[in-house]
Amino acid sequence: MLLKFAIRFTAVLLSVLILAAIVIQFFFFFKLTTDLWIIAMPIILGIPILASVVLAKDDELALH
């Protein structure tokens with residue numbers, strides 16, 4: 001069951017990374033891209049963590 005949790009986390013992480021890359025690349029000036037990646041990284045990593053934990057069920061995490 002932990003595999004389902006890991007797959008969900010990976011899917012959400014990849015989706016957020018792709019969306020962030022597109023937004024940063026096409027909507028901001030090229031001199032700001034490195035700064036925006038540094039500033040956005042906690043948000044990019046936080047969204048999949050929170051989404052996976054909120055959507056997880058007890059049996060997926062093997063909690064008794």
# chains A, B, ... in the order shown; residues from 1 in each chain; ligands from 1
>>> select_by_dssp(residues="chain A", states="alpha helix (DSSP H)", output="ChimeraX atom specification")
/A:2-27,33-55
>>> residues_around(residues="Phe9 (chain A)", least_positions_apart="6", cutoff="7 Å", atoms="only C-alpha atoms", output="list in words")
Pro48, Ile49 and Ser52 of chain A
>>> write_last_selection(atoms="N, CA and C atoms", output="CSV table (one decimal), in the first residue's frame")
chain,number,residue,atom,x,y,z
A,48,PRO,N,3.2,18.7,-3.0
A,48,PRO,CA,3.0,17.2,-3.1
A,48,PRO,C,3.0,16.5,-1.8
A,49,ILE,N,3.8,17.1,-0.8
A,49,ILE,CA,3.8,16.4,0.5
A,49,ILE,C,2.5,16.6,1.2
A,52,SER,N,-0.3,14.5,-0.7
A,52,SER,CA,-0.2,13.1,-0.5
A,52,SER,C,-0.6,12.7,0.9
>>> residues_around(residues="Val53 (chain A)", least_positions_apart="4", cutoff="12 Å", atoms="only C-alpha atoms", output="list in words")
Leu2, Lys4, Phe5, Ala6, Arg8, Phe9, Val12, Gly46, Ile47, Pro48, Ile49, Lys57, Asp58, Glu60 and Leu61 of chain A
>>> closest_residue(among="A:Trp37, A:Phe26, A:Leu55, A:Ile43", to="Leu13 (chain A)", atoms="only C-alpha atoms")
A:Ile43
>>> residues_around(residues="Ala40 (chain A)", least_positions_apart="4", cutoff="12 Å", atoms="only C-alpha atoms", output="list in words")
Val16, Leu17, Leu19, Ala20, Ala21, Val23, Ile24, Leu32, Thr33, Thr34, Asp35, Leu36, Ile44, Leu45, Gly46 and Ile47 of chain A
>>> atom_distance(atom1="CA of Thr10 (chain A)", atom2="CA of Ala51 (chain A)")
11.0 Å
>>> atom_distance(atom1="CA of Ile38 (chain A)", atom2="CA of Ile7 (chain A)")
25.4 Å
